[in-house]
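File shown here: my_file_34.pdb, holding PDB, N, CA and C atoms, pLDDT in the B column.
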MODEL        1
ATOM      1  N   MET K   1      23.993-165.585 -73.517  1.00 62.00           N
ATOM      2  CA  MET K   1      24.500-166.301 -74.672  1.00 62.00           C
ATOM      3  C   MET K   1      24.596-165.383 -75.888  1.00 62.00           C
ATOM      4  N   LYS K   2      23.605-164.507 -76.052  1.00 77.00           N
ATOM      5  CA  LYS K   2      23.594-163.616 -77.200  1.00 77.00           C
ATOM      6  C   LYS K   2      24.771-162.643 -77.152  1.00 77.00           C
ATOM      7  N   ASP K   3      25.087-162.122 -75.947  1.00 79.00           N
ATOM      8  CA  ASP K   3      26.224-161.218 -75.798  1.00 79.00           C
ATOM      9  C   ASP K   3      27.531-161.937 -76.096  1.00 79.00           C
ATOM     10  N   GLU K   4      27.653-163.183 -75.640  1.00 83.00           N
ATOM     11  CA  GLU K   4      28.876-163.942 -75.901  1.00 83.00           C
ATOM     12  C   GLU K   4      29.096-164.112 -77.399  1.00 83.00           C
ATOM     13  N   MET K   5      28.042-164.415 -78.119  1.00 80.00           N
ATOM     14  CA  MET K   5      28.160-164.606 -79.571  1.00 80.00           C
ATOM     15  C   MET K   5      28.570-163.306 -80.244  1.00 80.00           C
ATOM     16  N   ARG K   6      28.037-162.192 -79.754  1.00 82.00           N
ATOM     17  CA  ARG K   6      28.395-160.894 -80.328  1.00 82.00           C
ATOM     18  C   ARG K   6      29.880-160.614 -80.142  1.00 82.00           C
ATOM     19  N   TYR K   7      30.418-160.950 -78.968  1.00 84.00           N
ATOM     20  CA  TYR K   7      31.839-160.742 -78.719  1.00 84.00           C
ATOM     21  C   TYR K   7      32.694-161.664 -79.581  1.00 84.00           C
ATOM     22  N   ILE K   8      32.250-162.878 -79.761  1.00 83.00           N
ATOM     23  CA  ILE K   8      33.002-163.824 -80.593  1.00 83.00           C
ATOM     24  C   ILE K   8      33.035-163.345 -82.044  1.00 83.00           C
ATOM     25  N   VAL K   9      31.899-162.930 -82.555  1.00 81.00           N
ATOM     26  CA  VAL K   9      31.832-162.460 -83.939  1.00 81.00           C
ATOM     27  C   VAL K   9      32.640-161.173 -84.096  1.00 81.00           C
ATOM     28  N   GLY K  10      32.540-160.284 -83.135  1.00 84.00           N
ATOM     29  CA  GLY K  10      33.320-159.043 -83.192  1.00 84.00           C
ATOM     30  C   GLY K  10      34.813-159.315 -83.150  1.00 84.00           C
ATOM     31  N   GLY K  11      35.225-160.228 -82.290  1.00 85.00           N
ATOM     32  CA  GLY K  11      36.643-160.579 -82.220  1.00 85.00           C
ATOM     33  C   GLY K  11      37.144-161.218 -83.494  1.00 85.00           C
ATOM     34  N   ALA K  12      36.316-162.058 -84.104  1.00 85.00           N
ATOM     35  CA  ALA K  12      36.692-162.681 -85.366  1.00 85.00           C
ATOM     36  C   ALA K  12      36.824-161.631 -86.472  1.00 85.00           C
ATOM     37  N   ALA K  13      35.918-160.679 -86.487  1.00 86.00           N
ATOM     38  CA  ALA K  13      35.977-159.629 -87.503  1.00 86.00           C
ATOM     39  C   ALA K  13      37.220-158.764 -87.322  1.00 86.00           C
ATOM     40  N   ILE K  14      37.526-158.404 -86.091  1.00 87.00           N
ATOM     41  CA  ILE K  14      38.720-157.594 -85.830  1.00 87.00           C
ATOM     42  C   ILE K  14      39.976-158.374 -86.195  1.00 87.00           C
ATOM     43  N   GLY K  15      40.004-159.654 -85.860  1.00 88.00           N
ATOM     44  CA  GLY K  15      41.149-160.488 -86.215  1.00 88.00           C
ATOM     45  C   GLY K  15      41.330-160.616 -87.718  1.00 88.00           C
ATOM     46  N   ALA K  16      40.231-160.751 -88.431  1.00 88.00           N
ATOM     47  CA  ALA K  16      40.307-160.847 -89.892  1.00 88.00           C
ATOM     48  C   ALA K  16      40.822-159.552 -90.499  1.00 88.00           C
ATOM     49  N   MET K  17      40.347-158.416 -89.985  1.00 87.00           N
ATOM     50  CA  MET K  17      40.811-157.130 -90.510  1.00 87.00           C
ATOM     51  C   MET K  17      42.286-156.914 -90.194  1.00 87.00           C
ATOM     52  N   ALA K  18      42.713-157.262 -88.985  1.00 88.00           N
ATOM     53  CA  ALA K  18      44.121-157.106 -88.628  1.00 88.00           C
ATOM     54  C   ALA K  18      44.997-158.017 -89.484  1.00 88.00           C
ATOM     55  N   GLY K  19      44.566-159.242 -89.712  1.00 88.00           N
ATOM     56  CA  GLY K  19      45.319-160.160 -90.556  1.00 88.00           C
ATOM     57  C   GLY K  19      45.423-159.677 -91.988  1.00 88.00           C
ATOM     58  N   ALA K  20      44.333-159.145 -92.519  1.00 87.00           N
ATOM     59  CA  ALA K  20      44.351-158.622 -93.882  1.00 87.00           C
ATOM     60  C   ALA K  20      45.277-157.414 -94.000  1.00 87.00           C
ATOM     61  N   LEU K  21      45.270-156.559 -92.998  1.00 86.00           N
ATOM     62  CA  LEU K  21      46.140-155.387 -93.009  1.00 86.00           C
ATOM     63  C   LEU K  21      47.609-155.796 -92.971  1.00 86.00           C
ATOM     64  N   VAL K  22      47.948-156.747 -92.117  1.00 87.00           N
ATOM     65  CA  VAL K  22      49.334-157.213 -92.026  1.00 87.00           C
ATOM     66  C   VAL K  22      49.752-157.870 -93.343  1.00 87.00           C
ATOM     67  N   ALA K  23      48.867-158.648 -93.951  1.00 86.00           N
ATOM     68  CA  ALA K  23      49.187-159.282 -95.230  1.00 86.00           C
ATOM     69  C   ALA K  23      49.403-158.240 -96.321  1.00 86.00           C
ATOM     70  N   LEU K  24      48.597-157.203 -96.326  1.00 83.00           N
ATOM     71  CA  LEU K  24      48.745-156.141 -97.317  1.00 83.00           C
ATOM     72  C   LEU K  24      50.080-155.423 -97.151  1.00 83.00           C
ATOM     73  N   VAL K  25      50.429-155.087 -95.929  1.00 84.00           N
ATOM     74  CA  VAL K  25      51.698-154.412 -95.671  1.00 84.00           C
ATOM     75  C   VAL K  25      52.865-155.311 -96.066  1.00 84.00           C
ATOM     76  N   HIS K  26      52.776-156.589 -95.724  1.00 81.00           N
ATOM     77  CA  HIS K  26      53.847-157.525 -96.078  1.00 81.00           C
ATOM     78  C   HIS K  26      53.987-157.649 -97.588  1.00 81.00           C
ATOM     79  N   ARG K  27      52.869-157.755 -98.284  1.00 78.00           N
ATOM     80  CA  ARG K  27      52.926-157.894 -99.748  1.00 78.00           C
ATOM     81  C   ARG K  27      53.523-156.651-100.393  1.00 78.00           C
ATOM     82  N   ARG K  28      53.133-155.484 -99.929  1.00 77.00           N
ATOM     83  CA  ARG K  28      53.683-154.246-100.495  1.00 77.00           C
ATOM     84  C   ARG K  28      55.180-154.137-100.254  1.00 77.00           C
ATOM     85  N   SER K  29      55.626-154.513 -99.069  1.00 76.00           N
ATOM     86  CA  SER K  29      57.061-154.425 -98.796  1.00 76.00           C
ATOM     87  C   SER K  29      57.834-155.455 -99.617  1.00 76.00           C
ATOM     88  N   THR K  30      57.252-156.624 -99.837  1.00 71.00           N
ATOM     89  CA  THR K  30      57.897-157.647-100.643  1.00 71.00           C
ATOM     90  C   THR K  30      57.949-157.216-102.104  1.00 71.00           C
ATOM     91  N   MET K  31      56.864-156.677-102.599  1.00 69.00           N
ATOM     92  CA  MET K  31      56.825-156.262-103.999  1.00 69.00           C
ATOM     93  C   MET K  31      57.776-155.106-104.267  1.00 69.00           C
ATOM     94  N   SER K  32      57.998-154.237-103.303  1.00 68.00           N
ATOM     95  CA  SER K  32      58.882-153.099-103.522  1.00 68.00           C
ATOM     96  C   SER K  32      60.342-153.521-103.625  1.00 68.00           C
ATOM     97  N   ARG K  33      60.691-154.700-103.092  1.00 65.00           N
ATOM     98  CA  ARG K  33      62.078-155.166-103.152  1.00 65.00           C
ATOM     99  C   ARG K  33      62.372-156.014-104.385  1.00 65.00           C
ATOM    100  N   LEU K  34      61.353-156.320-105.172  1.00 61.00           N
ATOM    101  CA  LEU K  34      61.554-157.161-106.358  1.00 61.00           C
ATOM    102  C   LEU K  34      62.042-156.330-107.537  1.00 61.00           C
ATOM    103  N   PRO K  35      62.981-156.877-108.314  1.00 66.00           N
ATOM    104  CA  PRO K  35      63.328-156.214-109.575  1.00 66.00           C
ATOM    105  C   PRO K  35      62.129-156.242-110.527  1.00 66.00           C
ATOM    106  N   GLU K  36      62.114-155.357-111.481  1.00 68.00           N
ATOM    107  CA  GLU K  36      60.991-155.258-112.409  1.00 68.00           C
ATOM    108  C   GLU K  36      60.792-156.573-113.156  1.00 68.00           C
ATOM    109  N   GLY K  37      59.570-157.085-113.142  1.00 62.00           N
ATOM    110  CA  GLY K  37      59.228-158.301-113.852  1.00 62.00           C
ATOM    111  C   GLY K  37      59.602-159.588-113.124  1.00 62.00           C
ATOM    112  N   GLU K  38      60.126-159.495-111.929  1.00 59.00           N
ATOM    113  CA  GLU K  38      60.540-160.683-111.169  1.00 59.00           C
ATOM    114  C   GLU K  38      59.316-161.365-110.570  1.00 59.00           C
ATOM    115  N   ASP K  39      59.388-162.668-110.438  1.00 60.00           N
ATOM    116  CA  ASP K  39      58.294-163.462-109.902  1.00 60.00           C
ATOM    117  C   ASP K  39      58.210-163.272-108.384  1.00 60.00           C
ATOM    118  N   VAL K  40      56.993-163.193-107.864  1.00 58.00           N
ATOM    119  CA  VAL K  40      56.781-162.985-106.430  1.00 58.00           C
ATOM    120  C   VAL K  40      57.301-164.166-105.621  1.00 58.00           C
ATOM    121  N   SER K  41      57.249-165.357-106.181  1.00 59.00           N
ATOM    122  CA  SER K  41      57.685-166.542-105.439  1.00 59.00           C
ATOM    123  C   SER K  41      59.186-166.516-105.148  1.00 59.00           C
ATOM    124  N   ARG K  42      59.944-165.681-105.839  1.00 58.00           N
ATOM    125  CA  ARG K  42      61.386-165.593-105.609  1.00 58.00           C
ATOM    126  C   ARG K  42      61.747-164.522-104.573  1.00 58.00           C
ATOM    127  N   ALA K  43      60.762-163.814-104.089  1.00 56.00           N
ATOM    128  CA  ALA K  43      61.017-162.735-103.134  1.00 56.00           C
ATOM    129  C   ALA K  43      61.465-163.309-101.791  1.00 56.00           C
ATOM    130  N   VAL K  44      62.371-162.600-101.152  1.00 63.00           N
ATOM    131  CA  VAL K  44      62.850-163.001 -99.838  1.00 63.00           C
ATOM    132  C   VAL K  44      62.372-161.950 -98.842  1.00 63.00           C
ATOM    133  N   ALA K  45      61.671-162.388 -97.840  1.00 63.00           N
ATOM    134  CA  ALA K  45      61.140-161.459 -96.846  1.00 63.00           C
ATOM    135  C   ALA K  45      62.262-160.968 -95.943  1.00 63.00           C
ATOM    136  N   ALA K  46      62.214-159.695 -95.620  1.00 67.00           N
ATOM    137  CA  ALA K  46      63.179-159.125 -94.694  1.00 67.00           C
ATOM    138  C   ALA K  46      62.817-159.554 -93.283  1.00 67.00           C
ATOM    139  N   PRO K  47      63.786-159.686 -92.406  1.00 73.00           N
ATOM    140  CA  PRO K  47      63.463-160.055 -91.023  1.00 73.00           C
ATOM    141  C   PRO K  47      62.627-158.962 -90.354  1.00 73.00           C
ATOM    142  N   LEU K  48      61.713-159.397 -89.510  1.00 72.00           N
ATOM    143  CA  LEU K  48      60.845-158.453 -88.812  1.00 72.00           C
ATOM    144  C   LEU K  48      61.541-157.924 -87.568  1.00 72.00           C
ATOM    145  N   ASP K  49      61.347-156.645 -87.314  1.00 80.00           N
ATOM    146  CA  ASP K  49      61.864-156.039 -86.098  1.00 80.00           C
ATOM    147  C   ASP K  49      60.948-156.436 -84.948  1.00 80.00           C
ATOM    148  N   ARG K  50      61.487-157.122 -83.967  1.00 82.00           N
ATOM    149  CA  ARG K  50      60.681-157.650 -82.866  1.00 82.00           C
ATOM    150  C   ARG K  50      59.972-156.534 -82.102  1.00 82.00           C
ATOM    151  N   GLY K  51      60.621-155.401 -81.918  1.00 86.00           N
ATOM    152  CA  GLY K  51      60.016-154.287 -81.200  1.00 86.00           C
ATOM    153  C   GLY K  51      58.784-153.736 -81.909  1.00 86.00           C
ATOM    154  N   ARG K  52      58.879-153.613 -83.224  1.00 83.00           N
ATOM    155  CA  ARG K  52      57.739-153.097 -83.985  1.00 83.00           C
ATOM    156  C   ARG K  52      56.570-154.078 -83.952  1.00 83.00           C
ATOM    157  N   VAL K  53      56.875-155.365 -84.016  1.00 82.00           N
ATOM    158  CA  VAL K  53      55.816-156.368 -83.965  1.00 82.00           C
ATOM    159  C   VAL K  53      55.123-156.337 -82.605  1.00 82.00           C
ATOM    160  N   LEU K  54      55.895-156.215 -81.533  1.00 86.00           N
ATOM    161  CA  LEU K  54      55.305-156.158 -80.195  1.00 86.00           C
ATOM    162  C   LEU K  54      54.461-154.899 -80.012  1.00 86.00           C
ATOM    163  N   ARG K  55      54.938-153.764 -80.517  1.00 89.00           N
ATOM    164  CA  ARG K  55      54.143-152.532 -80.420  1.00 89.00           C
ATOM    165  C   ARG K  55      52.836-152.671 -81.203  1.00 89.00           C
ATOM    166  N   LEU K  56      52.906-153.315 -82.373  1.00 85.00           N
ATOM    167  CA  LEU K  56      51.690-153.541 -83.147  1.00 85.00           C
ATOM    168  C   LEU K  56      50.728-154.447 -82.394  1.00 85.00           C
ATOM    169  N   ALA K  57      51.244-155.500 -81.793  1.00 85.00           N
ATOM    170  CA  ALA K  57      50.385-156.423 -81.042  1.00 85.00           C
ATOM    171  C   ALA K  57      49.713-155.705 -79.877  1.00 85.00           C
ATOM    172  N   TRP K  58      50.457-154.895 -79.138  1.00 90.00           N
ATOM    173  CA  TRP K  58      49.868-154.162 -78.017  1.00 90.00           C
ATOM    174  C   TRP K  58      48.822-153.163 -78.506  1.00 90.00           C
ATOM    175  N   ALA K  59      49.056-152.535 -79.656  1.00 89.00           N
ATOM    176  CA  ALA K  59      48.080-151.592 -80.203  1.00 89.00           C
ATOM    177  C   ALA K  59      46.788-152.315 -80.592  1.00 89.00           C
ATOM    178  N   VAL K  60      46.921-153.489 -81.192  1.00 85.00           N
ATOM    179  CA  VAL K  60      45.735-154.263 -81.565  1.00 85.00           C
ATOM    180  C   VAL K  60      44.967-154.687 -80.320  1.00 85.00           C
ATOM    181  N   ILE K  61      45.686-155.116 -79.280  1.00 85.00           N
ATOM    182  CA  ILE K  61      45.032-155.500 -78.032  1.00 85.00           C
ATOM    183  C   ILE K  61      44.293-154.312 -77.430  1.00 85.00           C
ATOM    184  N   ALA K  62      44.906-153.128 -77.474  1.00 88.00           N
ATOM    185  CA  ALA K  62      44.256-151.934 -76.931  1.00 88.00           C
ATOM    186  C   ALA K  62      42.979-151.608 -77.701  1.00 88.00           C
ATOM    187  N   VAL K  63      43.018-151.734 -79.010  1.00 85.00           N
ATOM    188  CA  VAL K  63      41.828-151.451 -79.815  1.00 85.00           C
ATOM    189  C   VAL K  63      40.722-152.456 -79.510  1.00 85.00           C
ATOM    190  N   VAL K  64      41.081-153.720 -79.386  1.00 82.00           N
ATOM    191  CA  VAL K  64      40.086-154.742 -79.075  1.00 82.00           C
ATOM    192  C   VAL K  64      39.448-154.473 -77.716  1.00 82.00           C
ATOM    193  N   ARG K  65      40.263-154.111 -76.741  1.00 83.00           N
ATOM    194  CA  ARG K  65      39.715-153.806 -75.410  1.00 83.00           C
ATOM    195  C   ARG K  65      38.760-152.625 -75.468  1.00 83.00           C
ATOM    196  N   GLN K  66      39.098-151.603 -76.233  1.00 85.00           N
ATOM    197  CA  GLN K  66      38.226-150.432 -76.353  1.00 85.00           C
ATOM    198  C   GLN K  66      36.906-150.793 -77.034  1.00 85.00           C
ATOM    199  N   VAL K  67      36.983-151.629 -78.048  1.00 80.00           N
ATOM    200  CA  VAL K  67      35.751-152.049 -78.718  1.00 80.00           C
ATOM    201  C   VAL K  67      34.882-152.851 -77.777  1.00 80.00           C
ATOM    202  N   LEU K  68      35.484-153.732 -77.002  1.00 79.00           N
ATOM    203  CA  LEU K  68      34.719-154.530 -76.055  1.00 79.00           C
ATOM    204  C   LEU K  68      34.080-153.677 -74.970  1.00 79.00           C
ATOM    205  N   GLU K  69      34.736-152.593 -74.574  1.00 81.00           N
ATOM    206  CA  GLU K  69      34.180-151.703 -73.560  1.00 81.00           C
ATOM    207  C   GLU K  69      32.982-150.919 -74.095  1.00 81.00           C
ATOM    208  N   LEU K  70      32.918-150.720 -75.413  1.00 78.00           N
ATOM    209  CA  LEU K  70      31.781-149.995 -75.994  1.00 78.00           C
ATOM    210  C   LEU K  70      30.488-150.797 -75.857  1.00 78.00           C
ATOM    211  N   GLY K  71      30.620-152.114 -75.952  1.00 66.00           N
ATOM    212  CA  GLY K  71      29.432-152.967 -75.936  1.00 66.00           C
ATOM    213  C   GLY K  71      28.985-153.182 -74.561  1.00 66.00           C
TER     214      GLY K  71
ENDMDL
END
What is this file in structure tokens?
Amino acid sequence: MKDEMRYIVGGAAIGAMAGALVALVHRRSTMSRLPEGEDVSRAVAAPLDRGRVLRLAWAVIAVVRQVLELG
């Protein structure tokens, strides 16, 4: 039971870090497309490249698997 909890907490931490990183990248890309002094709520997000998203997902899965193998 103790090992299971460790994996759950570790997975939650990795998920939180990955989510924060994606949000940071998205915010920076959105802010760079805004004219000076423009409100963030008026920003239009660019479409995501499906290939890049899939490569990112596979990279995150690989990192999670490596972390799990360490324990």
- Query: atom N of K:Gln66 and atom C of K:Gly51, how far apart in Å?
  - Reply: 20.6 Å
I'd like the neighbourhood of K:Pro47 as a PDB file with N, CA and C atoms, keeping the file's coordinate frame, where a residue qualifies if any of its atoms comes within 12 Å (using only C-alpha atoms), though same-chain residues fewer than 6 positions away should be ignored.
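Result saved to part-v1.pdb:
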ATOM      1  N   HIS K  26      52.776-156.589 -95.724  1.00 81.00           N
ATOM      2  CA  HIS K  26      53.847-157.525 -96.078  1.00 81.00           C
ATOM      3  C   HIS K  26      53.987-157.649 -97.588  1.00 81.00           C
ATOM      4  N   SER K  29      55.626-154.513 -99.069  1.00 76.00           N
ATOM      5  CA  SER K  29      57.061-154.425 -98.796  1.00 76.00           C
ATOM      6  C   SER K  29      57.834-155.455 -99.617  1.00 76.00           C
ATOM      7  N   THR K  30      57.252-156.624 -99.837  1.00 71.00           N
ATOM      8  CA  THR K  30      57.897-157.647-100.643  1.00 71.00           C
ATOM      9  C   THR K  30      57.949-157.216-102.104  1.00 71.00           C
ATOM     10  N   VAL K  53      56.875-155.365 -84.016  1.00 82.00           N
ATOM     11  CA  VAL K  53      55.816-156.368 -83.965  1.00 82.00           C
ATOM     12  C   VAL K  53      55.123-156.337 -82.605  1.00 82.00           C
TER      13      VAL K  53
END
Is it possible to get the residues within 12 Å of (30.7, -154.5, -74.4) (coordinates as in the file, counting only C-alpha atoms) written as a CSV table (one decimal) with N, CA and C atoms, in the coordinates of the input?
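The resulting file, point.csv, is shown below:
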chain,number,residue,atom,x,y,z
K,2,LYS,N,23.6,-164.5,-76.1
K,2,LYS,CA,23.6,-163.6,-77.2
K,2,LYS,C,24.8,-162.6,-77.2
K,3,ASP,N,25.1,-162.1,-75.9
K,3,ASP,CA,26.2,-161.2,-75.8
K,3,ASP,C,27.5,-161.9,-76.1
K,4,GLU,N,27.7,-163.2,-75.6
K,4,GLU,CA,28.9,-163.9,-75.9
K,4,GLU,C,29.1,-164.1,-77.4
K,5,MET,N,28.0,-164.4,-78.1
K,5,MET,CA,28.2,-164.6,-79.6
K,5,MET,C,28.6,-163.3,-80.2
K,6,ARG,N,28.0,-162.2,-79.8
K,6,ARG,CA,28.4,-160.9,-80.3
K,6,ARG,C,29.9,-160.6,-80.1
K,7,TYR,N,30.4,-161.0,-79.0
K,7,TYR,CA,31.8,-160.7,-78.7
K,7,TYR,C,32.7,-161.7,-79.6
K,8,ILE,N,32.2,-162.9,-79.8
K,8,ILE,CA,33.0,-163.8,-80.6
K,8,ILE,C,33.0,-163.3,-82.0
K,10,GLY,N,32.5,-160.3,-83.1
K,10,GLY,CA,33.3,-159.0,-83.2
K,10,GLY,C,34.8,-159.3,-83.2
K,11,GLY,N,35.2,-160.2,-82.3
K,11,GLY,CA,36.6,-160.6,-82.2
K,11,GLY,C,37.1,-161.2,-83.5
K,64,VAL,N,41.1,-153.7,-79.4
K,64,VAL,CA,40.1,-154.7,-79.1
K,64,VAL,C,39.4,-154.5,-77.7
K,65,ARG,N,40.3,-154.1,-76.7
K,65,ARG,CA,39.7,-153.8,-75.4
K,65,ARG,C,38.8,-152.6,-75.5
K,66,GLN,N,39.1,-151.6,-76.2
K,66,GLN,CA,38.2,-150.4,-76.4
K,66,GLN,C,36.9,-150.8,-77.0
K,67,VAL,N,37.0,-151.6,-78.0
K,67,VAL,CA,35.8,-152.0,-78.7
K,67,VAL,C,34.9,-152.9,-77.8
K,68,LEU,N,35.5,-153.7,-77.0
K,68,LEU,CA,34.7,-154.5,-76.1
K,68,LEU,C,34.1,-153.7,-75.0
K,69,GLU,N,34.7,-152.6,-74.6
K,69,GLU,CA,34.2,-151.7,-73.6
K,69,GLU,C,33.0,-150.9,-74.1
K,70,LEU,N,32.9,-150.7,-75.4
K,70,LEU,CA,31.8,-150.0,-76.0
K,70,LEU,C,30.5,-150.8,-75.9
K,71,GLY,N,30.6,-152.1,-76.0
K,71,GLY,CA,29.4,-153.0,-75.9
K,71,GLY,C,29.0,-153.2,-74.6
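Here atom C of K:Val22 and atom N of K:Val9 stand 21.5 Å from one another.
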